[in-house]
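*Asks:* model23.txt is the file, holding compact mmCIF, C-alpha atoms and all ligand atoms:
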# COMPACT_ATOMS: atom_id res chain seq x y z
CA MET A 12 5.28 -4.36 31.25
CA GLU A 13 7.79 -5.25 33.89
CA GLY A 14 10.39 -6.95 31.71
CA LYS A 15 13.99 -5.93 31.96
CA THR A 16 15.37 -3.40 29.46
CA VAL A 17 19.01 -2.68 28.70
CA THR A 18 19.22 1.08 28.47
CA LYS A 19 22.80 1.54 27.29
CA VAL A 20 24.56 -0.32 24.49
CA ALA A 21 27.85 0.10 26.32
CA GLN A 22 26.48 -1.96 29.25
CA SER A 23 25.96 -4.97 27.00
CA GLY A 24 29.66 -5.80 26.80
CA LEU A 25 29.24 -6.77 23.12
CA ASP A 26 31.75 -5.67 20.50
CA LYS A 27 30.85 -3.36 17.64
CA LYS A 28 30.92 -6.14 15.05
CA THR A 29 28.26 -8.06 16.98
CA LEU A 30 26.11 -4.96 17.47
CA LEU A 31 26.19 -4.13 13.75
CA LYS A 32 25.37 -7.76 12.97
CA PHE A 33 22.24 -7.44 15.12
CA LEU A 34 21.14 -4.37 13.17
CA HIS A 35 21.93 -6.05 9.85
CA GLU A 36 19.99 -9.20 10.74
CA MET A 37 16.95 -7.39 12.11
CA LEU A 38 16.77 -5.23 9.00
CA LEU A 39 17.21 -8.26 6.74
CA ILE A 40 14.31 -10.02 8.46
CA ARG A 41 12.11 -6.90 8.23
CA LYS A 42 12.83 -6.51 4.52
CA PHE A 43 12.31 -10.22 3.93
CA GLU A 44 8.89 -9.99 5.58
CA ASP A 45 7.87 -6.86 3.65
CA LYS A 46 8.90 -8.50 0.38
CA ALA A 47 7.05 -11.70 1.31
CA GLY A 48 3.89 -9.67 1.98
CA GLU A 49 4.25 -7.98 -1.39
CA LEU A 50 4.79 -11.26 -3.25
CA TYR A 51 1.80 -12.79 -1.48
CA ALA A 52 -0.39 -9.88 -2.60
CA ARG A 53 0.84 -10.46 -6.16
CA GLY A 54 -0.22 -14.12 -5.97
CA LYS A 55 3.32 -15.54 -6.01
CA ILE A 56 3.01 -17.21 -2.60
CA ALA A 57 0.28 -19.72 -1.81
CA GLY A 58 -1.06 -20.96 1.51
CA PHE A 59 -0.68 -19.18 4.83
CA LEU A 60 1.79 -16.40 5.52
CA HIS A 61 2.43 -15.12 9.05
CA LEU A 62 4.80 -12.18 9.17
CA TYR A 63 7.19 -11.28 12.00
CA ASN A 64 7.39 -7.47 11.62
CA GLY A 65 7.92 -5.87 15.03
CA GLU A 66 9.27 -9.04 16.67
CA GLU A 67 12.71 -9.15 15.03
CA ALA A 68 14.64 -8.35 18.23
CA VAL A 69 13.42 -11.61 19.74
CA ALA A 70 14.80 -13.94 17.07
CA VAL A 71 18.02 -12.01 16.62
CA GLY A 72 18.75 -11.48 20.31
CA ALA A 73 17.83 -15.00 21.41
CA VAL A 74 19.50 -16.97 18.60
CA SER A 75 22.70 -14.94 19.02
CA ALA A 76 23.06 -16.48 22.49
CA LEU A 77 23.19 -19.99 21.01
CA GLN A 78 26.21 -21.85 19.74
CA LYS A 79 26.25 -23.29 16.22
CA HIS A 80 25.54 -26.84 17.34
CA ASP A 81 22.57 -25.81 19.51
CA LEU A 82 19.07 -26.56 18.26
CA LEU A 83 16.07 -24.38 17.53
CA ILE A 84 12.45 -25.35 17.08
CA THR A 85 9.65 -22.85 16.57
CA HIS A 86 6.09 -22.17 15.51
CA TYR A 87 4.65 -21.19 12.14
CA ARG A 88 5.74 -17.52 12.42
CA ASP A 89 9.18 -18.87 11.65
CA HIS A 90 10.97 -16.79 9.00
CA GLY A 91 12.87 -14.64 11.50
CA HIS A 92 14.05 -17.64 13.50
CA GLY A 93 15.17 -19.50 10.38
CA ILE A 94 17.13 -16.54 9.06
CA ALA A 95 18.70 -15.88 12.48
CA LYS A 96 19.77 -19.56 12.73
CA GLY A 97 21.60 -19.17 9.45
CA ILE A 98 19.31 -20.38 6.66
CA ASP A 99 20.29 -18.48 3.54
CA VAL A 100 17.60 -15.94 2.53
CA ASN A 101 17.68 -17.29 -1.04
CA ARG A 102 16.55 -20.69 0.21
CA CYS A 103 13.98 -19.06 2.52
CA MET A 104 12.45 -17.04 -0.33
CA ALA A 105 12.48 -20.10 -2.60
CA GLU A 106 10.60 -22.02 0.08
CA LEU A 107 7.89 -19.35 0.18
CA LEU A 108 7.50 -19.69 -3.59
CA GLY A 109 7.32 -23.50 -3.30
CA LYS A 110 10.51 -24.07 -5.30
CA ALA A 111 12.76 -27.14 -5.28
CA THR A 112 15.67 -25.01 -3.99
CA GLY A 113 13.74 -24.02 -0.86
CA CYS A 114 14.99 -24.97 2.61
CA ALA A 115 12.26 -27.65 2.78
CA LYS A 116 12.47 -28.45 -0.96
CA GLY A 117 9.37 -26.33 -1.52
CA ARG A 118 7.21 -28.83 0.36
CA GLY A 119 6.63 -26.79 3.49
CA GLY A 120 6.17 -23.19 2.49
CA SER A 121 6.04 -20.33 4.98
CA MET A 122 5.12 -22.32 8.09
CA HIS A 123 7.61 -25.15 7.65
CA PHE A 124 11.12 -23.83 7.20
CA PHE A 125 13.59 -26.59 8.07
CA ASP A 126 17.31 -27.25 8.00
CA ALA A 127 18.56 -29.95 10.34
CA SER A 128 22.16 -29.33 9.20
CA LEU A 129 21.91 -25.92 10.88
CA GLY A 130 20.08 -27.29 13.92
CA PHE A 131 16.83 -25.71 12.75
CA TYR A 132 14.06 -28.22 13.41
CA GLY A 133 11.07 -26.25 12.01
CA GLY A 134 8.53 -24.41 11.53
CA TRP A 135 5.39 -26.14 13.12
CA ALA A 136 1.75 -25.24 12.43
CA ILE A 137 -0.11 -26.85 15.32
CA VAL A 138 -0.13 -24.40 18.21
CA ALA A 139 2.08 -25.87 21.00
CA GLY A 140 2.45 -29.13 19.06
CA HIS A 141 6.22 -28.70 18.85
CA LEU A 142 6.80 -28.28 22.59
CA PRO A 143 6.84 -32.05 23.22
CA LEU A 144 9.20 -32.34 20.23
CA ALA A 145 11.54 -29.84 21.92
CA VAL A 146 11.53 -32.04 25.01
CA GLY A 147 12.40 -34.99 22.74
CA LEU A 148 15.29 -33.07 21.20
CA GLY A 149 16.56 -32.20 24.66
CA LEU A 150 16.18 -35.78 25.86
CA ALA A 151 18.14 -37.00 22.83
CA SER A 152 20.95 -34.52 23.59
CA ASN A 153 21.12 -35.86 27.16
CA ILE A 154 21.07 -39.52 26.13
CA LEU A 155 23.67 -38.99 23.41
CA GLY A 156 25.82 -36.97 25.79
CA LYS A 157 25.86 -33.87 23.60
CA ASN A 158 26.42 -30.56 25.33
CA GLN A 159 23.58 -29.05 23.35
CA VAL A 160 20.81 -26.61 24.21
CA THR A 161 17.43 -26.55 22.45
CA LEU A 162 15.68 -23.20 22.13
CA CYS A 163 11.93 -23.70 21.79
CA VAL A 164 9.95 -20.66 20.59
CA PHE A 165 6.16 -20.35 20.77
CA GLY A 166 3.43 -17.74 21.21
CA ASP A 167 1.33 -16.67 24.19
CA GLY A 168 -1.57 -18.69 22.72
CA ALA A 169 0.42 -21.91 23.05
CA THR A 170 0.51 -21.60 26.84
CA ASN A 171 -3.23 -22.40 27.03
CA ASN A 172 -2.81 -25.70 25.21
CA GLY A 173 -2.38 -29.04 26.99
CA TYR A 174 0.86 -29.85 25.16
CA PHE A 175 2.45 -26.85 26.84
CA HIS A 176 1.79 -28.25 30.31
CA GLU A 177 2.79 -31.81 29.46
CA ALA A 178 6.01 -30.58 27.87
CA LEU A 179 7.01 -28.34 30.78
CA ASN A 180 6.27 -31.08 33.28
CA LEU A 181 8.40 -33.69 31.51
CA ALA A 182 11.14 -31.17 30.73
CA LYS A 183 11.59 -30.45 34.42
CA LEU A 184 11.13 -34.05 35.52
CA TRP A 185 13.77 -35.28 33.06
CA THR A 186 16.08 -32.23 33.44
CA VAL A 187 16.22 -31.64 29.70
CA PRO A 188 18.40 -28.82 28.28
CA VAL A 189 15.59 -26.68 26.82
CA VAL A 190 15.05 -22.92 26.96
CA PHE A 191 11.34 -22.27 26.51
CA LEU A 192 10.87 -18.86 24.93
CA CYS A 193 7.35 -17.46 24.85
CA GLU A 194 6.80 -14.60 22.42
CA ASN A 195 3.98 -12.76 24.13
CA ASN A 196 2.77 -10.42 21.38
CA LEU A 197 -0.45 -9.78 23.31
CA TYR A 198 -2.71 -11.61 20.83
CA GLY A 199 -3.42 -15.11 19.58
CA MET A 200 -5.01 -14.47 16.19
CA GLY A 201 -7.72 -11.88 17.01
CA THR A 202 -7.98 -12.71 20.71
CA ALA A 203 -6.26 -10.52 23.28
CA VAL A 204 -4.28 -12.39 25.92
CA HIS A 205 -6.54 -11.32 28.79
CA ARG A 206 -9.57 -12.82 26.99
CA ALA A 207 -7.91 -16.22 26.53
CA SER A 208 -5.64 -16.76 29.51
CA ALA A 209 -6.48 -16.69 33.23
CA VAL A 210 -2.84 -15.79 33.88
CA THR A 211 -1.71 -12.97 31.59
CA GLU A 212 1.96 -12.95 32.55
CA MET A 213 3.16 -16.13 30.91
CA TYR A 214 6.39 -16.53 32.85
CA LYS A 215 4.30 -17.18 35.98
CA LYS A 216 2.99 -20.39 34.41
CA ALA A 217 6.48 -21.92 34.64
CA ALA A 218 6.25 -21.80 38.43
CA ALA A 219 3.71 -24.66 38.29
CA TYR A 220 6.58 -26.91 37.13
CA ASN A 221 9.26 -25.37 39.29
CA ILE A 222 11.08 -23.98 36.23
CA PRO A 223 12.97 -20.71 36.75
CA ALA A 224 11.47 -17.95 34.64
CA GLU A 225 11.86 -14.33 33.70
CA GLN A 226 10.03 -11.61 31.76
CA VAL A 227 12.00 -9.58 29.22
CA ASP A 228 11.45 -6.55 26.98
CA GLY A 229 11.17 -8.14 23.53
CA MET A 230 11.54 -4.81 21.72
CA ASP A 231 15.12 -4.52 23.00
CA VAL A 232 17.54 -6.85 21.23
CA LEU A 233 20.16 -6.40 23.96
CA ALA A 234 17.74 -7.27 26.75
CA VAL A 235 16.71 -10.41 24.86
CA ARG A 236 20.35 -11.35 24.29
CA GLU A 237 21.27 -10.82 27.94
CA ALA A 238 18.34 -12.83 29.28
CA THR A 239 18.89 -15.66 26.78
CA ASP A 240 22.60 -15.78 27.62
CA LYS A 241 21.69 -16.33 31.26
CA ALA A 242 19.02 -18.91 30.40
CA VAL A 243 21.33 -20.85 28.06
CA ASP A 244 24.11 -20.84 30.63
CA HIS A 245 21.75 -22.25 33.27
CA VAL A 246 20.53 -24.98 30.93
CA ARG A 247 23.95 -25.88 29.53
CA LYS A 248 25.28 -26.49 33.03
CA GLY A 249 22.77 -29.34 33.40
CA ASN A 250 20.29 -27.51 35.63
CA GLY A 251 17.27 -28.37 33.49
CA PRO A 252 14.90 -26.09 31.60
CA TYR A 253 14.50 -22.32 31.81
CA PHE A 254 11.56 -20.18 30.77
CA LEU A 255 11.64 -16.73 29.17
CA GLU A 256 8.64 -14.57 28.38
CA VAL A 257 9.45 -11.79 25.96
CA ILE A 258 6.93 -8.98 25.62
CA THR A 259 6.67 -8.05 21.97
CA TYR A 260 4.17 -6.90 19.34
CA ARG A 261 3.42 -7.83 15.77
CA PHE A 262 2.97 -4.77 13.61
CA ARG A 263 1.01 -6.57 10.90
CA GLY A 264 -2.02 -8.88 11.05
CA HIS A 265 -1.93 -12.43 12.36
CA SER A 266 -1.73 -13.68 8.77
CA MET A 267 -2.32 -12.11 5.39
CA ALA A 268 -6.03 -12.88 5.73
CA ASP A 269 -6.47 -10.77 8.89
CA PRO A 270 -8.52 -7.53 8.57
CA ILE A 271 -7.25 -6.53 12.09
CA LEU A 272 -10.59 -5.46 13.55
CA TYR A 273 -9.69 -6.38 17.13
CA ARG A 274 -7.20 -3.61 17.96
CA ASP A 275 -7.20 0.07 17.16
CA LYS A 276 -4.65 1.91 15.13
CA GLY A 277 -3.63 4.04 18.13
CA GLU A 278 -2.36 0.94 19.91
CA VAL A 279 -0.36 -0.17 16.87
CA ASP A 280 1.11 3.33 16.45
CA GLU A 281 2.11 3.41 20.09
CA TRP A 282 4.02 0.12 19.73
CA LYS A 283 5.60 1.33 16.51
CA GLN A 284 7.22 4.09 18.55
CA ARG A 285 9.17 1.23 20.10
CA ASP A 286 10.16 -0.34 16.77
CA PRO A 287 13.10 -2.60 17.76
CA ILE A 288 15.11 -1.69 14.66
CA VAL A 289 14.63 2.08 14.82
CA THR A 290 15.27 2.29 18.57
CA PHE A 291 18.38 0.10 18.39
CA ARG A 292 19.78 2.12 15.48
CA GLN A 293 19.14 5.34 17.42
CA LYS A 294 20.87 3.91 20.49
CA LEU A 295 23.93 2.97 18.44
CA GLU A 296 24.02 6.42 16.84
CA THR A 297 23.61 8.23 20.16
CA GLU A 298 26.49 6.29 21.64
CA GLY A 299 28.69 7.01 18.63
CA LEU A 300 28.83 3.39 17.48
CA LEU A 301 27.17 3.85 14.10
CA SER A 302 27.95 6.35 11.34
CA ALA A 303 25.69 7.52 8.50
CA GLN A 304 27.91 5.60 6.03
CA GLU A 305 27.53 2.39 8.02
CA VAL A 306 23.73 2.78 8.06
CA GLU A 307 23.78 3.33 4.31
CA GLN A 308 25.95 0.27 3.78
CA ILE A 309 23.70 -1.97 5.89
CA GLU A 310 20.61 -0.66 4.04
CA ARG A 311 22.25 -1.31 0.66
CA GLU A 312 23.53 -4.78 1.56
CA THR A 313 20.18 -5.94 2.92
CA ASP A 314 18.30 -4.51 -0.09
CA GLU A 315 20.65 -6.37 -2.42
CA MET A 316 20.27 -9.64 -0.46
CA ILE A 317 16.49 -9.46 -0.71
CA ALA A 318 16.54 -8.55 -4.41
CA GLU A 319 18.90 -11.48 -5.05
CA ALA A 320 16.67 -13.82 -2.99
CA VAL A 321 13.67 -12.93 -5.16
CA ARG A 322 15.71 -13.43 -8.35
CA PHE A 323 16.98 -16.79 -7.08
CA ALA A 324 13.51 -17.96 -6.02
CA GLU A 325 11.81 -16.93 -9.23
CA ALA A 326 14.49 -18.53 -11.41
CA SER A 327 14.40 -21.80 -9.42
CA PRO A 328 12.53 -24.85 -10.74
CA ASP A 329 9.34 -26.24 -9.26
CA PRO A 330 9.83 -29.57 -7.44
CA PRO A 331 9.67 -32.36 -10.04
CA LEU A 332 6.64 -34.63 -10.06
CA SER A 333 8.99 -37.61 -9.78
CA ASP A 334 9.85 -36.51 -6.18
CA LEU A 335 6.24 -36.58 -5.05
CA TYR A 336 6.66 -39.68 -2.90
CA GLU A 337 10.01 -38.74 -1.38
CA ASP A 338 10.32 -37.78 2.30
CA ILE A 339 6.97 -39.25 3.31
CA TYR A 340 6.39 -42.04 5.82
CA ALA A 341 4.11 -44.24 3.71
CA ASN A 342 5.26 -45.00 0.19
CA PRO A 343 2.34 -46.27 -1.91
C1 LIG B 1 -3.95 -26.66 18.21
C2 LIG B 1 -4.28 -25.50 17.31
N1 LIG B 1 -5.39 -24.78 17.57
C3 LIG B 1 -5.69 -23.70 16.79
C4 LIG B 1 -4.91 -23.38 15.72
C5 LIG B 1 -5.24 -22.16 14.86
N2 LIG B 1 -4.29 -21.07 15.17
C6 LIG B 1 -3.26 -20.84 14.36
S1 LIG B 1 -2.31 -19.61 14.95
C7 LIG B 1 -3.26 -19.39 16.31
C8 LIG B 1 -2.92 -18.32 17.33
C9 LIG B 1 -1.73 -18.63 18.15
O1 LIG B 1 -1.31 -17.48 18.81
P1 LIG B 1 0.07 -17.37 19.54
O2 LIG B 1 0.46 -18.69 20.09
O3 LIG B 1 -0.03 -16.24 20.51
O4 LIG B 1 1.13 -17.02 18.39
P2 LIG B 1 1.23 -15.71 17.47
O5 LIG B 1 0.45 -16.04 16.21
O6 LIG B 1 0.64 -14.58 18.21
O7 LIG B 1 2.68 -15.54 17.18
C10 LIG B 1 -4.32 -20.27 16.29
C11 LIG B 1 -5.37 -20.33 17.33
C12 LIG B 1 -3.77 -24.18 15.45
N3 LIG B 1 -2.93 -23.91 14.45
N4 LIG B 1 -3.48 -25.21 16.27
MG MG B 2 0.51 -14.27 20.26
Taking this structure as input, can you express it in the form of structure tokens?

*Replies:*
Amino acid sequence: MEGKTVTKVAQSGLDKKTLLKFLHEMLLIRKFEDKAGELYARGKIAGFLHLYNGEEAVAVGAVSALQKHDLLITHYRDHGHGIAKGIDVNRCMAELLGKATGCAKGRGGSMHFFDASLGFYGGWAIVAGHLPLAVGLGLASNILGKNQVTLCVFGDGATNNGYFHEALNLAKLWTVPVVFLCENNLYGMGTAVHRASAVTEMYKKAAAYNIPAEQVDGMDVLAVREATDKAVDHVRKGNGPYFLEVITYRFRGHSMADPILYRDKGEVDEWKQRDPIVTFRQKLETEGLLSAQEVEQIERETDEMIAEAVRFAEASPDPPLSDLYEDIYANP
């Protein structure tokens, strides 16, 4: 992996408050995912559930480089991105349980988190299907004269789909303000990247459309932040799209239905040595930026937030039958 890694926290130029926020958010996402997996196993969550364990540094690092009014659109492995963009974990948990208080009123579930008021435009289940939508969001920002960047997140698998190529072509042609962020976690479902893609380094695909691109270490929240800062700056100045490939790894299966027969445990264990939360915490401790009390406080706060999210979701009502025909295109 040739992606850039930030070795020292001090080099990042970020203040302590921001660094602790990164740790807090990554831990919150990890605990959210673990709790979601548990609730799924207990039959409280229906439908598909794709967890983000191992990839937290990508969402947290990348979204931190955005401004509040910037937009984010992503694929079905969307919990981490939604939480990082500011959707309250209570509303995220309620969405998983299909409750009326969920961020998509309980109509979307795991794959379809949504909150336009926070600039979070989903949560999409069709692989690469949201890339043309990202181009549309960017085009709208240009036409409406908004100084707004759209961050579009997708997996390595999406780069083999036709939508990907159409979207990159038009994005460059129309100079839209979109950062394309490919989460290369080395697999699309049970298929390793090298078995599905003729080009295994995804950032190279951007060259076909003359879009500047870079490969980044996705297990390093600071490296992701730094690269996204640069990409966002390029895009915001009106230079057109930018492409980032972050190398990451999902610690759990593709979805809850995955028996994980396509990779051996040794490989997973090796990647777990690079757990983005553990390594970042160790870096902060080594550089004297994090005390044992602060770790304890972050652990306690995130535990409480997750416990409260479960309480909130379970106590929330189901969507009423009378709303069945709301928010749909065709009203019978
Ligand atoms: C167009 C389309 N084809 C196939 C699927 C089934 N499918 C769901 S997820 C997935 C793998 C996608 O892998 P990747 O883009 O690498 O994302 P990851 O799950 O690894 O985050 C596939 C093939 C789909 N949802 N949409
Ligand atoms: Mg993948």

*Asks:* Could you give me, as a PDB file with C-alpha atoms, in the frame of the given file, every polymer residue with an atom at most 7 Å away from an atom of ligand MG 2 (chain B), counting only C-alpha atoms and all ligand atoms?

*Replies:*
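pocket08.pdb was written with the following content:
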ATOM      1  CA  GLY A 166       3.430 -17.740  21.210  1.00  0.00           C
ATOM      2  CA  ASP A 167       1.330 -16.670  24.190  1.00  0.00           C
ATOM      3  CA  GLY A 168      -1.570 -18.690  22.720  1.00  0.00           C
ATOM      4  CA  GLU A 194       6.800 -14.600  22.420  1.00  0.00           C
ATOM      5  CA  ASN A 195       3.980 -12.760  24.130  1.00  0.00           C
ATOM      6  CA  ASN A 196       2.770 -10.420  21.380  1.00  0.00           C
ATOM      7  CA  LEU A 197      -0.450  -9.780  23.310  1.00  0.00           C
ATOM      8  CA  TYR A 198      -2.710 -11.610  20.830  1.00  0.00           C
ATOM      9  CA  GLY A 199      -3.420 -15.110  19.580  1.00  0.00           C
ATOM     10  CA  MET A 200      -5.010 -14.470  16.190  1.00  0.00           C
TER      11      MET A 200
END

*Asks:* As an exercise, work out the distance from atom CA of Ala320 of chain A to atom CA of Leu50 of chain A in Å and give it to one decimal place.

*Replies:*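 Going from atom CA of Ala320 of chain A over to atom CA of Leu50 of chain A, I get 12.2 Å.
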
*Asks:* Residues within 8 Å of Asp240 of chain A, please, as a VMD selection string. Count only C-alpha atoms; anything in the same chain fewer than 4 positions from it doesn't count.

*Replies:* chain A and resid 73 76 to 77 236 244

*Asks:* Give me the residues within 12 Å of segment 303-312 of chain A as number ranges by chain, counting all atoms listed in the file and dropping any in the same chain fewer than 2 places off.

*Replies:* A: 27-28, 31-39, 41-42, 288-289, 291-293, 295-297, 299-301, 314-319

*Asks:* Hey, what's within 7 Å of segment 248-250 of chain A if we count all atoms listed in the file and toss same-chain stuff fewer than 3 positions away? As an MDAnalysis selection string, please?

*Replies:* chainID A and resid 186 188 244:245

*Asks:* How close does each residue of segment 50-131 of chain A get to segment 265-285 of chain A, giving the shortest atom pair and distance in Å to one decimal for every residue with an atom at most 7 Å away, counting all atoms listed in the file, sorted by chain and residue number, as CSV?

*Replies:*
residue,atom,partner,partner_atom,distance
A:Phe59,CA,A:Ser266,CA,6.8
A:Leu60,CA,A:Ser266,CA,5.5
A:His61,CA,A:Ser266,CA,4.4
A:Leu62,CA,A:Ser266,CA,6.7

*Asks:* What's around Trp185 of chain A at 9 Å? Count all atoms listed in the file, leave out sequence neighbours fewer than 6 positions away in its own chain, and write the answer as a list in words.

*Replies:*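 That gives Val146, Leu150 and Gly251 of chain A.
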
*Asks:* Find the residue from A:Leu162, A:Leu108, A:Ala178, A:Ala52 that sits nearest to Asp329 of chain A; use all atoms listed in the file when measuring.

*Replies:*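 Ranked by minimum distance to Asp329 of chain A, first place goes to A:Leu108.
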
*Asks:* Nearest residue to Leu184 of chain A out of A:Leu155, A:Val210, A:Ile222, A:Leu82, using all atoms listed in the file?

*Replies:*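 Between A:Leu155, A:Val210, A:Ile222, A:Leu82, the residue approaching Leu184 of chain A most closely is A:Ile222.
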
*Asks:* A:Phe165, A:Gly65, A:Glu44, A:Glu49: which is nearest Phe262 of chain A, counting all atoms listed in the file?

*Replies:* A:Gly65

*Asks:* As an exercise, work out the distance from atom CA of Gly264 of chain A to atom CA of Lys55 of chain A in Å and give it to one decimal place.

*Replies:*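 Going from atom CA of Gly264 of chain A over to atom CA of Lys55 of chain A, I get 19.1 Å.
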
*Asks:* Smallest atom-to-atom distance to ligand LIG 1 (chain B): which of A:Glu237, A:Asp26, A:Asp99, A:Glu66, using only C-alpha atoms and all ligand atoms?

*Replies:*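 Among the listed residues, the smallest separation from ligand LIG 1 (chain B) belongs to A:Glu66.
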
*Asks:* Find the residues near Leu192 of chain A: any atom within 6 Å, counting all atoms listed in the file, skip ones fewer than 2 places away on the same chain, and give them as a PyMOL selection string.

*Replies:* chain A and resi 163-164+255-256

*Asks:* What does the structure give for the distance between atom CA of Glu212 of chain A and atom CA of Asn171 of chain A, in Å to one decimal?

*Replies:*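 Calculated distance between atom CA of Glu212 of chain A and atom CA of Asn171 of chain A is 12.1 Å.
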
*Asks:* Go through A:Val100, A:Ala182, A:Ile40, A:Ala324 and flag the residue nearest Glu67 of chain A, using all atoms listed in the file for the distances.

*Replies:* A:Ile40

*Asks:* Using all atoms listed in the file, which residue out of A:Thr29, A:Asn172, A:Asn153, A:Thr112 lies closest to ligand LIG 1 (chain B)?

*Replies:*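 Nearest candidate to ligand LIG 1 (chain B) out of A:Thr29, A:Asn172, A:Asn153, A:Thr112: A:Asn172.
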
*Asks:* Step by step: start from the point (18.9, -19.0, 14.8) in the file's coordinates, keep every protein, DNA or RNA residue that has an atom no farther than 8 Å from it, count only C-alpha atoms, and write the set as a PyMOL selection string.

*Replies:* chain A and resi 70-71+73-75+77+83+92-97+131

*Asks:* Place N, CA and C atoms on segment 99-114 of chain A and deliver the coordinates as a compact mmCIF listing (two decimals), in the frame of the given file.

*Replies:*
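Output file out.txt is given in full below:
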# COMPACT_ATOMS: atom_id res chain seq x y z
N ASP A 99 20.05 -19.49 4.55
CA ASP A 99 20.29 -18.48 3.54
C ASP A 99 18.95 -17.88 3.06
N VAL A 100 18.89 -16.55 2.92
CA VAL A 100 17.60 -15.94 2.53
C VAL A 100 17.15 -16.39 1.14
N ASN A 101 18.09 -16.77 0.28
CA ASN A 101 17.68 -17.29 -1.04
C ASN A 101 16.82 -18.54 -0.87
N ARG A 102 17.28 -19.43 0.00
CA ARG A 102 16.55 -20.69 0.21
C ARG A 102 15.24 -20.45 0.98
N CYS A 103 15.22 -19.40 1.81
CA CYS A 103 13.98 -19.06 2.52
C CYS A 103 12.95 -18.52 1.53
N MET A 104 13.39 -17.63 0.64
CA MET A 104 12.45 -17.04 -0.33
C MET A 104 11.95 -18.12 -1.29
N ALA A 105 12.87 -19.01 -1.70
CA ALA A 105 12.48 -20.10 -2.60
C ALA A 105 11.44 -21.01 -1.93
N GLU A 106 11.58 -21.19 -0.63
CA GLU A 106 10.60 -22.02 0.08
C GLU A 106 9.22 -21.37 0.04
N LEU A 107 9.19 -20.05 0.23
CA LEU A 107 7.89 -19.35 0.18
C LEU A 107 7.23 -19.52 -1.17
N LEU A 108 8.06 -19.56 -2.23
CA LEU A 108 7.50 -19.69 -3.59
C LEU A 108 7.30 -21.16 -4.00
N GLY A 109 7.56 -22.07 -3.04
CA GLY A 109 7.32 -23.50 -3.30
C GLY A 109 8.30 -24.10 -4.29
N LYS A 110 9.54 -23.60 -4.31
CA LYS A 110 10.51 -24.07 -5.30
C LYS A 110 11.39 -25.20 -4.74
N ALA A 111 11.94 -25.98 -5.66
CA ALA A 111 12.76 -27.14 -5.28
C ALA A 111 14.02 -26.73 -4.50
N THR A 112 14.47 -25.50 -4.68
CA THR A 112 15.67 -25.01 -3.99
C THR A 112 15.37 -24.47 -2.59
N GLY A 113 14.12 -24.53 -2.18
CA GLY A 113 13.74 -24.02 -0.86
C GLY A 113 14.33 -24.85 0.27
N CYS A 114 14.35 -24.28 1.48
CA CYS A 114 14.99 -24.97 2.61
C CYS A 114 14.23 -26.23 3.02
